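Source file: protein11.cif (mmCIF, C-alpha atoms and all ligand atoms)
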data_my_file
#
loop_
_atom_site.group_PDB
_atom_site.id
_atom_site.type_symbol
_atom_site.label_atom_id
_atom_site.label_comp_id
_atom_site.auth_asym_id
_atom_site.auth_seq_id
_atom_site.Cartn_x
_atom_site.Cartn_y
_atom_site.Cartn_z
ATOM 1 C CA MET A 1 103.942 -72.716 -61.392
ATOM 2 C CA HIS A 2 101.029 -70.329 -61.935
ATOM 3 C CA TYR A 3 97.848 -70.740 -59.912
ATOM 4 C CA GLU A 4 94.355 -69.441 -60.569
ATOM 5 C CA VAL A 5 92.313 -68.504 -57.495
ATOM 6 C CA ARG A 6 88.542 -68.479 -57.882
ATOM 7 C CA PRO A 7 85.367 -69.025 -55.810
ATOM 8 C CA ALA A 8 84.672 -72.724 -55.258
ATOM 9 C CA LEU A 9 82.078 -74.606 -57.312
ATOM 10 C CA PRO A 10 80.052 -77.630 -56.182
ATOM 11 C CA ALA A 11 82.327 -79.918 -58.235
ATOM 12 C CA ASP A 12 85.306 -78.760 -56.142
ATOM 13 C CA LEU A 13 83.898 -80.014 -52.831
ATOM 14 C CA PRO A 14 85.304 -83.583 -52.869
ATOM 15 C CA ALA A 15 88.830 -82.230 -53.466
ATOM 16 C CA VAL A 16 88.305 -79.593 -50.786
ATOM 17 C CA ALA A 17 87.174 -82.251 -48.296
ATOM 18 C CA ALA A 18 90.264 -84.348 -49.099
ATOM 19 C CA LEU A 19 92.560 -81.361 -48.583
ATOM 20 C CA GLN A 20 90.766 -80.522 -45.374
ATOM 21 C CA SER A 21 91.163 -83.934 -43.799
ATOM 22 C CA HIS A 22 94.832 -83.926 -44.821
ATOM 23 C CA GLY A 23 95.452 -80.453 -43.441
ATOM 24 C CA PHE A 24 93.558 -80.771 -40.197
ATOM 25 C CA GLY A 25 93.761 -84.508 -39.466
ATOM 26 C CA SER A 26 90.920 -85.695 -37.295
ATOM 27 C CA GLN A 27 89.197 -82.328 -37.013
ATOM 28 C CA PRO A 28 87.723 -81.508 -40.416
ATOM 29 C CA ALA A 29 85.063 -78.806 -40.325
ATOM 30 C CA ALA A 30 82.119 -79.313 -42.660
ATOM 31 C CA VAL A 31 82.376 -77.684 -46.078
ATOM 32 C CA ALA A 32 79.248 -79.189 -47.641
ATOM 33 C CA GLY A 33 77.058 -76.198 -46.727
ATOM 34 C CA GLU A 34 79.759 -73.644 -47.421
ATOM 35 C CA LEU A 35 78.508 -72.685 -50.866
ATOM 36 C CA GLU A 36 74.907 -72.005 -49.832
ATOM 37 C CA SER A 37 75.526 -70.177 -46.566
ATOM 38 C CA PRO A 38 75.084 -66.377 -46.692
ATOM 39 C CA ASP A 39 77.889 -65.790 -44.187
ATOM 40 C CA ARG A 40 80.518 -68.269 -45.401
ATOM 41 C CA TRP A 41 82.655 -68.220 -48.541
ATOM 42 C CA LEU A 42 85.082 -70.671 -50.077
ATOM 43 C CA TRP A 43 87.882 -70.169 -52.626
ATOM 44 C CA VAL A 44 90.090 -72.705 -54.391
ATOM 45 C CA ALA A 45 93.399 -72.541 -56.242
ATOM 46 C CA ILE A 46 93.934 -74.470 -59.474
ATOM 47 C CA ALA A 47 97.372 -75.276 -60.876
ATOM 48 C CA GLN A 48 97.484 -73.878 -64.416
ATOM 49 C CA ALA A 49 100.691 -75.358 -65.799
ATOM 50 C CA ASP A 50 99.974 -79.006 -65.126
ATOM 51 C CA ALA A 51 97.373 -80.347 -67.562
ATOM 52 C CA ALA A 52 96.803 -83.417 -65.403
ATOM 53 C CA ASP A 53 95.855 -81.147 -62.530
ATOM 54 C CA HIS A 54 93.697 -78.980 -64.756
ATOM 55 C CA ALA A 55 90.500 -78.711 -62.734
ATOM 56 C CA ARG A 56 91.547 -80.196 -59.415
ATOM 57 C CA PRO A 57 91.921 -77.708 -56.587
ATOM 58 C CA VAL A 58 95.346 -77.869 -54.961
ATOM 59 C CA ALA A 59 94.326 -75.537 -52.140
ATOM 60 C CA TYR A 60 91.270 -74.007 -50.537
ATOM 61 C CA ALA A 61 90.548 -71.145 -48.178
ATOM 62 C CA ARG A 62 87.479 -70.176 -46.201
ATOM 63 C CA LEU A 63 86.050 -66.877 -45.022
ATOM 64 C CA ARG A 64 83.325 -66.478 -42.432
ATOM 65 C CA LEU A 65 81.327 -63.569 -41.101
ATOM 66 C CA ALA A 66 81.045 -64.460 -37.413
ATOM 67 C CA ASP A 67 78.287 -62.861 -35.378
ATOM 68 C CA ILE A 68 78.158 -65.171 -32.396
ATOM 69 C CA SER A 69 78.380 -62.695 -29.515
ATOM 70 C CA THR A 70 80.846 -60.048 -28.473
ATOM 71 C CA GLU A 71 83.348 -62.832 -27.746
ATOM 72 C CA PRO A 72 84.836 -63.640 -30.229
ATOM 73 C CA PRO A 73 84.597 -60.213 -31.857
ATOM 74 C CA ILE A 74 82.011 -59.817 -34.607
ATOM 75 C CA GLY A 75 83.678 -59.636 -37.994
ATOM 76 C CA TYR A 76 85.124 -61.398 -41.015
ATOM 77 C CA TYR A 77 87.408 -64.314 -40.163
ATOM 78 C CA LEU A 78 89.876 -66.092 -42.394
ATOM 79 C CA SER A 79 88.614 -69.469 -41.238
ATOM 80 C CA GLY A 80 90.944 -72.024 -42.739
ATOM 81 C CA VAL A 81 93.455 -72.463 -45.522
ATOM 82 C CA VAL A 82 95.112 -75.671 -46.699
ATOM 83 C CA VAL A 83 97.606 -76.061 -49.550
ATOM 84 C CA ASP A 84 98.439 -79.515 -50.923
ATOM 85 C CA PRO A 85 101.944 -80.367 -49.588
ATOM 86 C CA GLY A 86 103.233 -80.732 -53.163
ATOM 87 C CA HIS A 87 102.285 -77.130 -53.938
ATOM 88 C CA ARG A 88 103.489 -75.372 -50.773
ATOM 89 C CA GLY A 89 106.142 -72.679 -50.787
ATOM 90 C CA GLN A 90 105.030 -71.274 -54.169
ATOM 91 C CA GLY A 91 102.813 -68.449 -53.005
ATOM 92 C CA VAL A 92 99.436 -70.221 -53.161
ATOM 93 C CA GLY A 93 98.623 -69.566 -49.501
ATOM 94 C CA GLY A 94 99.463 -65.901 -50.005
ATOM 95 C CA GLN A 95 97.259 -65.675 -53.115
ATOM 96 C CA LEU A 96 94.356 -67.079 -51.118
ATOM 97 C CA ILE A 97 94.866 -64.520 -48.350
ATOM 98 C CA GLY A 98 94.883 -61.761 -50.973
ATOM 99 C CA ALA A 99 91.610 -62.959 -52.534
ATOM 100 C CA ARG A 100 89.864 -62.988 -49.178
ATOM 101 C CA MET A 101 91.254 -59.592 -48.180
ATOM 102 C CA ASP A 102 89.951 -58.102 -51.443
ATOM 103 C CA PHE A 103 86.520 -59.606 -50.768
ATOM 104 C CA ALA A 104 86.366 -58.345 -47.164
ATOM 105 C CA TRP A 105 87.452 -54.801 -48.070
ATOM 106 C CA SER A 106 84.952 -54.739 -50.954
ATOM 107 C CA ALA A 107 82.250 -55.835 -48.498
ATOM 108 C CA GLY A 108 83.106 -52.843 -46.291
ATOM 109 C CA ALA A 109 84.808 -54.708 -43.448
ATOM 110 C CA PRO A 110 86.687 -52.341 -41.092
ATOM 111 C CA ALA A 111 89.079 -55.153 -40.174
ATOM 112 C CA LEU A 112 89.812 -58.793 -40.848
ATOM 113 C CA TYR A 113 90.458 -61.469 -38.199
ATOM 114 C CA TYR A 114 92.428 -64.654 -38.315
ATOM 115 C CA PHE A 115 93.230 -67.207 -35.616
ATOM 116 C CA ALA A 116 95.717 -70.024 -35.388
ATOM 117 C CA ASN A 117 97.189 -72.577 -33.079
ATOM 118 C CA SER A 118 100.202 -70.976 -31.402
ATOM 119 C CA ARG A 119 102.330 -73.874 -32.720
ATOM 120 C CA ASN A 120 101.497 -73.180 -36.381
ATOM 121 C CA THR A 121 104.567 -71.099 -37.203
ATOM 122 C CA ALA A 122 104.147 -71.430 -40.990
ATOM 123 C CA SER A 123 100.623 -70.024 -40.916
ATOM 124 C CA ILE A 124 101.524 -67.257 -38.451
ATOM 125 C CA ALA A 125 104.531 -66.218 -40.560
ATOM 126 C CA MET A 126 102.427 -66.203 -43.730
ATOM 127 C CA HIS A 127 99.731 -63.965 -42.231
ATOM 128 C CA ALA A 128 102.307 -61.669 -40.594
ATOM 129 C CA LYS A 129 103.606 -60.832 -44.069
ATOM 130 C CA PHE A 130 100.188 -59.327 -44.815
ATOM 131 C CA GLY A 131 100.230 -57.229 -41.640
ATOM 132 C CA PHE A 132 98.132 -59.332 -39.255
ATOM 133 C CA ARG A 133 99.036 -58.472 -35.657
ATOM 134 C CA GLU A 134 98.315 -60.500 -32.516
ATOM 135 C CA VAL A 135 95.471 -59.158 -30.384
ATOM 136 C CA LYS A 136 94.550 -62.006 -28.020
ATOM 137 C CA ARG A 137 96.166 -65.116 -26.510
ATOM 138 C CA PRO A 138 94.736 -67.502 -25.450
ATOM 139 C CA PHE A 139 91.772 -67.151 -27.796
ATOM 140 C CA ARG A 140 88.772 -69.446 -28.031
ATOM 141 C CA PHE A 141 86.479 -69.852 -31.022
ATOM 142 C CA PRO A 142 83.322 -71.992 -30.800
ATOM 143 C CA GLY A 143 83.865 -75.481 -32.193
ATOM 144 C CA VAL A 144 87.633 -75.132 -32.626
ATOM 145 C CA ALA A 145 90.154 -77.069 -30.496
ATOM 146 C CA PHE A 146 93.787 -75.941 -30.477
ATOM 147 C CA GLU A 147 95.629 -79.202 -29.779
ATOM 148 C CA ASP A 148 99.045 -79.027 -28.090
ATOM 149 C CA GLY A 149 98.961 -75.234 -28.165
ATOM 150 C CA VAL A 150 96.654 -72.292 -27.546
ATOM 151 C CA GLY A 151 94.526 -70.234 -29.883
ATOM 152 C CA VAL A 152 95.880 -66.861 -30.945
ATOM 153 C CA LEU A 153 93.720 -64.133 -32.506
ATOM 154 C CA PHE A 154 95.198 -61.745 -35.088
ATOM 155 C CA ARG A 155 93.680 -58.614 -36.616
ATOM 156 C CA LEU A 156 94.377 -56.666 -39.792
ATOM 157 C CA GLU A 157 93.020 -53.120 -40.108
ATOM 158 C CA ARG A 158 91.415 -52.044 -43.353
ATOM 159 C CA PRO A 159 93.915 -49.920 -45.303
ATOM 160 C CA THR A 160 93.135 -46.208 -45.104
ATOM 161 C CA ALA A 161 94.542 -45.190 -48.482
HETATM 162 C C1 LIG A 201 100.307 -72.578 -43.945
HETATM 163 C C2 LIG A 201 100.142 -72.917 -45.447
HETATM 164 C C3 LIG A 201 98.699 -72.613 -45.850
HETATM 165 C C4 LIG A 201 101.124 -72.051 -46.262
HETATM 166 O O1 LIG A 201 100.832 -72.206 -47.651
HETATM 167 P P1 LIG A 201 101.963 -71.923 -48.805
HETATM 168 O O2 LIG A 201 101.259 -71.881 -50.094
HETATM 169 O O3 LIG A 201 103.063 -72.886 -48.652
HETATM 170 O O4 LIG A 201 102.460 -70.476 -48.380
HETATM 171 P P2 LIG A 201 103.178 -69.412 -49.355
HETATM 172 O O5 LIG A 201 104.046 -70.113 -50.340
HETATM 173 O O6 LIG A 201 102.135 -68.498 -49.902
HETATM 174 O O7 LIG A 201 104.094 -68.639 -48.314
HETATM 175 C C5 LIG A 201 103.862 -67.291 -47.961
HETATM 176 C C6 LIG A 201 104.748 -66.962 -46.757
HETATM 177 O O8 LIG A 201 104.352 -67.751 -45.641
HETATM 178 C C7 LIG A 201 105.503 -68.074 -44.837
HETATM 179 N N1 LIG A 201 105.649 -69.522 -44.789
HETATM 180 C C8 LIG A 201 105.007 -70.429 -45.578
HETATM 181 N N2 LIG A 201 105.374 -71.676 -45.213
HETATM 182 C C9 LIG A 201 106.252 -71.547 -44.182
HETATM 183 C C10 LIG A 201 106.969 -72.471 -43.367
HETATM 184 N N3 LIG A 201 106.841 -73.805 -43.540
HETATM 185 N N4 LIG A 201 107.760 -71.990 -42.395
HETATM 186 C C11 LIG A 201 107.884 -70.664 -42.198
HETATM 187 N N5 LIG A 201 107.219 -69.722 -42.942
HETATM 188 C C12 LIG A 201 106.426 -70.179 -43.911
HETATM 189 C C13 LIG A 201 106.682 -67.418 -45.496
HETATM 190 O O9 LIG A 201 106.834 -66.112 -44.917
HETATM 191 C C14 LIG A 201 106.216 -67.281 -46.936
HETATM 192 O O10 LIG A 201 106.832 -66.222 -47.613
HETATM 193 P P3 LIG A 201 108.231 -66.463 -48.416
HETATM 194 O O11 LIG A 201 107.968 -67.566 -49.393
HETATM 195 O O12 LIG A 201 108.479 -65.142 -49.072
HETATM 196 O O13 LIG A 201 109.233 -66.839 -47.383
HETATM 197 C C15 LIG A 201 100.478 -74.417 -45.729
HETATM 198 O O14 LIG A 201 101.717 -74.720 -45.109
HETATM 199 C C16 LIG A 201 99.429 -75.411 -45.218
HETATM 200 O O15 LIG A 201 98.504 -75.764 -45.939
HETATM 201 N N6 LIG A 201 99.588 -75.893 -43.960
HETATM 202 C C17 LIG A 201 98.658 -76.873 -43.366
HETATM 203 C C18 LIG A 201 97.315 -76.263 -43.007
HETATM 204 C C19 LIG A 201 97.435 -75.082 -42.083
HETATM 205 O O16 LIG A 201 98.150 -75.101 -41.090
HETATM 206 N N7 LIG A 201 96.663 -74.027 -42.376
HETATM 207 C C20 LIG A 201 96.606 -72.808 -41.595
HETATM 208 C C21 LIG A 201 95.625 -72.947 -40.499
HETATM 209 S S1 LIG A 201 95.443 -71.431 -39.572
#

Would you encode the structure as structure tokens?
Ligand SMILES: CC(C)(COP(=O)(O)OP(=O)(O)OC[C@H]1O[C@@H](n2cnc3c(N)ncnc32)[C@H](O)[C@@H]1OP(=O)(O)O)[C@@H](O)C(=O)NCCC(=O)NCCS
Amino acid sequence: MHYEVRPALPADLPAVAALQSHGFGSQPAAVAGELESPDRWLWVAIAQADAADHARPVAYARLRLADISTEPPIGYYLSGVVVDPGHRGQGVGGQLIGARMDFAWSAGAPALYYFANSRNTASIAMHAKFGFREVKRPFRFPGVAFEDGVGVLFRLERPTA
């Protein structure tokens, strides 16, 4: 199936919230203010081939410019991606990483950060394909709990060419 990735619109937020509570269980982070915030961005993926799914996002991904202190490092963070279970394994997660990388490099970021629970092997494998390399373990990020595992911070350098 082909998927279109685009910035989220207000009408997408209910579907994003549903995906979020499915993907992260009891720990959904708020997305309501995501579209107005100057340091947070949200993308969605829409399934193109299925007319019934026409405008309903089947995945979302967040990006955040974190400037909290020197710990965690200041920079752009891939701050959450969830793909509907029925649409996994078809490259949607990868498309959403690509969209956020393009945005960060266009914004002049020298590097891009991503963190995950150490138990999330699918997410870690997906980001490794794009070149993210582990830089810190255990890693803590304000407001994020890493249940049954530890946080791991990954970094991707901006391409030089
Ligand atoms: C992690 C997640 C976003 C992957 O989305 P996806 O659309 O299925 O991923 P893709 O199809 O783009 O896969 C890209 C690569 O990721 C890796 N990958 C994806 N799912 C995997 C799995 N279950 N096990 C191992 N590797 C996996 C593979 O290397 C894959 O490349 P390949 O297809 O060439 O083998 C999805 O499983 C998800 O929504 N999980 C729940 C929420 C979550 O954990 N989010 C990440 C929080 S940090």

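Between CA of Tyr76 in chain A and CA of Ala45 in chain A the interatomic distance comes to 20.6 Å.
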
Item to complete: Enumerate as a PyMOL selection string the residues within 7 Å of ligand LIG 201 (chain A), counting all atoms listed in the file.
Response: chain A and resi 23-24+80-85+87-95+115-117+120-123+125-127+129

Write to file, as a PDB file, keeping the file's coordinate frame, the residues of the selection just made, with C-alpha atoms.
ATOM      1  CA  GLY A  23      95.452 -80.453 -43.441  1.00  0.00           C
ATOM      2  CA  PHE A  24      93.558 -80.771 -40.197  1.00  0.00           C
ATOM      3  CA  GLY A  80      90.944 -72.024 -42.739  1.00  0.00           C
ATOM      4  CA  VAL A  81      93.455 -72.463 -45.522  1.00  0.00           C
ATOM      5  CA  VAL A  82      95.112 -75.671 -46.699  1.00  0.00           C
ATOM      6  CA  VAL A  83      97.606 -76.061 -49.550  1.00  0.00           C
ATOM      7  CA  ASP A  84      98.439 -79.515 -50.923  1.00  0.00           C
ATOM      8  CA  PRO A  85     101.944 -80.367 -49.588  1.00  0.00           C
ATOM      9  CA  HIS A  87     102.285 -77.130 -53.938  1.00  0.00           C
ATOM     10  CA  ARG A  88     103.489 -75.372 -50.773  1.00  0.00           C
ATOM     11  CA  GLY A  89     106.142 -72.679 -50.787  1.00  0.00           C
ATOM     12  CA  GLN A  90     105.030 -71.274 -54.169  1.00  0.00           C
ATOM     13  CA  GLY A  91     102.813 -68.449 -53.005  1.00  0.00           C
ATOM     14  CA  VAL A  92      99.436 -70.221 -53.161  1.00  0.00           C
ATOM     15  CA  GLY A  93      98.623 -69.566 -49.501  1.00  0.00           C
ATOM     16  CA  GLY A  94      99.463 -65.901 -50.005  1.00  0.00           C
ATOM     17  CA  GLN A  95      97.259 -65.675 -53.115  1.00  0.00           C
ATOM     18  CA  PHE A 115      93.230 -67.207 -35.616  1.00  0.00           C
ATOM     19  CA  ALA A 116      95.717 -70.024 -35.388  1.00  0.00           C
ATOM     20  CA  ASN A 117      97.189 -72.577 -33.079  1.00  0.00           C
ATOM     21  CA  ASN A 120     101.497 -73.180 -36.381  1.00  0.00           C
ATOM     22  CA  THR A 121     104.567 -71.099 -37.203  1.00  0.00           C
ATOM     23  CA  ALA A 122     104.147 -71.430 -40.990  1.00  0.00           C
ATOM     24  CA  SER A 123     100.623 -70.024 -40.916  1.00  0.00           C
ATOM     25  CA  ALA A 125     104.531 -66.218 -40.560  1.00  0.00           C
ATOM     26  CA  MET A 126     102.427 -66.203 -43.730  1.00  0.00           C
ATOM     27  CA  HIS A 127      99.731 -63.965 -42.231  1.00  0.00           C
ATOM     28  CA  LYS A 129     103.606 -60.832 -44.069  1.00  0.00           C
TER      29      LYS A 129
END

Worksheet item: How many Å lie between CA of Ala109 in chain A and CA of Leu42 in chain A, rounded to one decimal?
Response: 17.3 Å

Practice prompt. Grab the CA of Val135 in chain A to CA of Ser79 in chain A distance for me, in Å with one decimal place.
Written response: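 Between CA of Val135 in chain A and CA of Ser79 in chain A the gap is 16.5 Å.
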
Worksheet item: Which one of A:Phe154, A:Val44, A:Pro14, A:Ser118 sits closest to Arg100 in chain A if you count only C-alpha atoms?
Response: A:Val44

Practice prompt. Check the smallest atom-to-atom distance from each of A:Pro7, A:Ala15, A:Leu63, A:Val58 to Gly86 in chain A using only C-alpha atoms, then report the winner.
Written response: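 Checking each candidate against Gly86 in chain A, we get A:Val58 as the closest.
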
Residues in the PyMOL selection byres (((chain A and resi 33) around 12) and not hetatm), expressed as a PDB file with C-alpha atoms, in the coordinates of the input:
ATOM      1  CA  ALA A   8      84.672 -72.724 -55.258  1.00  0.00           C
ATOM      2  CA  LEU A   9      82.078 -74.606 -57.312  1.00  0.00           C
ATOM      3  CA  PRO A  10      80.052 -77.630 -56.182  1.00  0.00           C
ATOM      4  CA  LEU A  13      83.898 -80.014 -52.831  1.00  0.00           C
ATOM      5  CA  ALA A  17      87.174 -82.251 -48.296  1.00  0.00           C
ATOM      6  CA  ALA A  29      85.063 -78.806 -40.325  1.00  0.00           C
ATOM      7  CA  ALA A  30      82.119 -79.313 -42.660  1.00  0.00           C
ATOM      8  CA  VAL A  31      82.376 -77.684 -46.078  1.00  0.00           C
ATOM      9  CA  ALA A  32      79.248 -79.189 -47.641  1.00  0.00           C
ATOM     10  CA  GLU A  34      79.759 -73.644 -47.421  1.00  0.00           C
ATOM     11  CA  LEU A  35      78.508 -72.685 -50.866  1.00  0.00           C
ATOM     12  CA  GLU A  36      74.907 -72.005 -49.832  1.00  0.00           C
ATOM     13  CA  SER A  37      75.526 -70.177 -46.566  1.00  0.00           C
ATOM     14  CA  PRO A  38      75.084 -66.377 -46.692  1.00  0.00           C
ATOM     15  CA  ASP A  39      77.889 -65.790 -44.187  1.00  0.00           C
ATOM     16  CA  ARG A  40      80.518 -68.269 -45.401  1.00  0.00           C
ATOM     17  CA  TRP A  41      82.655 -68.220 -48.541  1.00  0.00           C
ATOM     18  CA  LEU A  42      85.082 -70.671 -50.077  1.00  0.00           C
TER      19      LEU A  42
END

Taking all atoms of range 82-85 of chain A that the file lists and extending 6 Å past them on each side, where is the centre of the axis-aligned box and how long are its edges? Answer in Å to one decimal, as JSON.
{"center_x": 98.5, "center_y": -78.0, "center_z": -48.8, "size_x": 18.8, "size_y": 16.7, "size_z": 16.2}

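Here the PyMOL selection byres (((chain A and resi 134) around 10) and not hetatm) matches the residues Tyr113, Tyr114, Phe115, Ile124, Ala128, Gly131, Phe132, Arg133, Val135, Lys136, Arg137, Val152, Leu153, Phe154, Arg155 and Leu156 of chain A.
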
Discussion item. Applying 8 Å and all atoms listed in the file, which residues near Arg56 in chain A remain after dropping the ones on its own chain fewer than 4 positions away? List them as an MDAnalysis selection string.
Written reply: chainID A and resid 12 15 46:47

Worksheet entry | Given all atoms listed in the file as the counted atoms, nearest of A:Glu147, A:Phe141, A:Ala49, A:Ser21 to His2 in chain A | A:Ala49

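If all atoms listed in the file are the atoms counted, then among A:Arg158, A:Arg140, A:Arg119, A:Arg6 the closest residue to Ala59 in chain A is A:Arg6.
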
Item to complete: Between A:Pro57, A:Ala145, A:Glu157, A:Ala66, single out the one closest to Met101 in chain A, counting all atoms listed in the file.
Response: A:Glu157

Can I get range 88-103 of chain A with N, CA and C atoms filled in, as a CSV table (one decimal), in the frame of the given file?
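Okay, this is what ended up in selection.csv:
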chain,number,residue,atom,x,y,z
A,88,ARG,N,103.2,-76.4,-51.8
A,88,ARG,CA,103.5,-75.4,-50.8
A,88,ARG,C,104.8,-74.6,-51.1
A,89,GLY,N,104.9,-73.5,-50.6
A,89,GLY,CA,106.1,-72.7,-50.8
A,89,GLY,C,106.2,-72.0,-52.1
A,90,GLN,N,105.1,-71.9,-52.8
A,90,GLN,CA,105.0,-71.3,-54.2
A,90,GLN,C,104.1,-70.1,-54.2
A,91,GLY,N,103.6,-69.6,-53.0
A,91,GLY,CA,102.8,-68.4,-53.0
A,91,GLY,C,101.3,-68.7,-53.0
A,92,VAL,N,100.9,-70.0,-53.1
A,92,VAL,CA,99.4,-70.2,-53.2
A,92,VAL,C,98.7,-69.7,-51.9
A,93,GLY,N,99.3,-70.0,-50.7
A,93,GLY,CA,98.6,-69.6,-49.5
A,93,GLY,C,98.5,-68.1,-49.5
A,94,GLY,N,99.5,-67.4,-49.9
A,94,GLY,CA,99.5,-65.9,-50.0
A,94,GLY,C,98.4,-65.4,-51.0
A,95,GLN,N,98.3,-66.1,-52.1
A,95,GLN,CA,97.3,-65.7,-53.1
A,95,GLN,C,95.9,-65.8,-52.5
A,96,LEU,N,95.7,-66.9,-51.7
A,96,LEU,CA,94.4,-67.1,-51.1
A,96,LEU,C,94.1,-66.1,-50.0
A,97,ILE,N,95.1,-65.6,-49.3
A,97,ILE,CA,94.9,-64.5,-48.4
A,97,ILE,C,94.5,-63.3,-49.1
A,98,GLY,N,95.2,-63.0,-50.2
A,98,GLY,CA,94.9,-61.8,-51.0
A,98,GLY,C,93.5,-61.7,-51.5
A,99,ALA,N,93.0,-62.9,-52.0
A,99,ALA,CA,91.6,-63.0,-52.5
A,99,ALA,C,90.6,-62.7,-51.5
A,100,ARG,N,90.8,-63.2,-50.3
A,100,ARG,CA,89.9,-63.0,-49.2
A,100,ARG,C,89.9,-61.6,-48.6
A,101,MET,N,91.1,-61.0,-48.6
A,101,MET,CA,91.3,-59.6,-48.2
A,101,MET,C,90.5,-58.7,-49.1
A,102,ASP,N,90.7,-58.9,-50.4
A,102,ASP,CA,90.0,-58.1,-51.4
A,102,ASP,C,88.4,-58.2,-51.2
A,103,PHE,N,88.0,-59.4,-51.0
A,103,PHE,CA,86.5,-59.6,-50.8
A,103,PHE,C,86.1,-58.8,-49.5
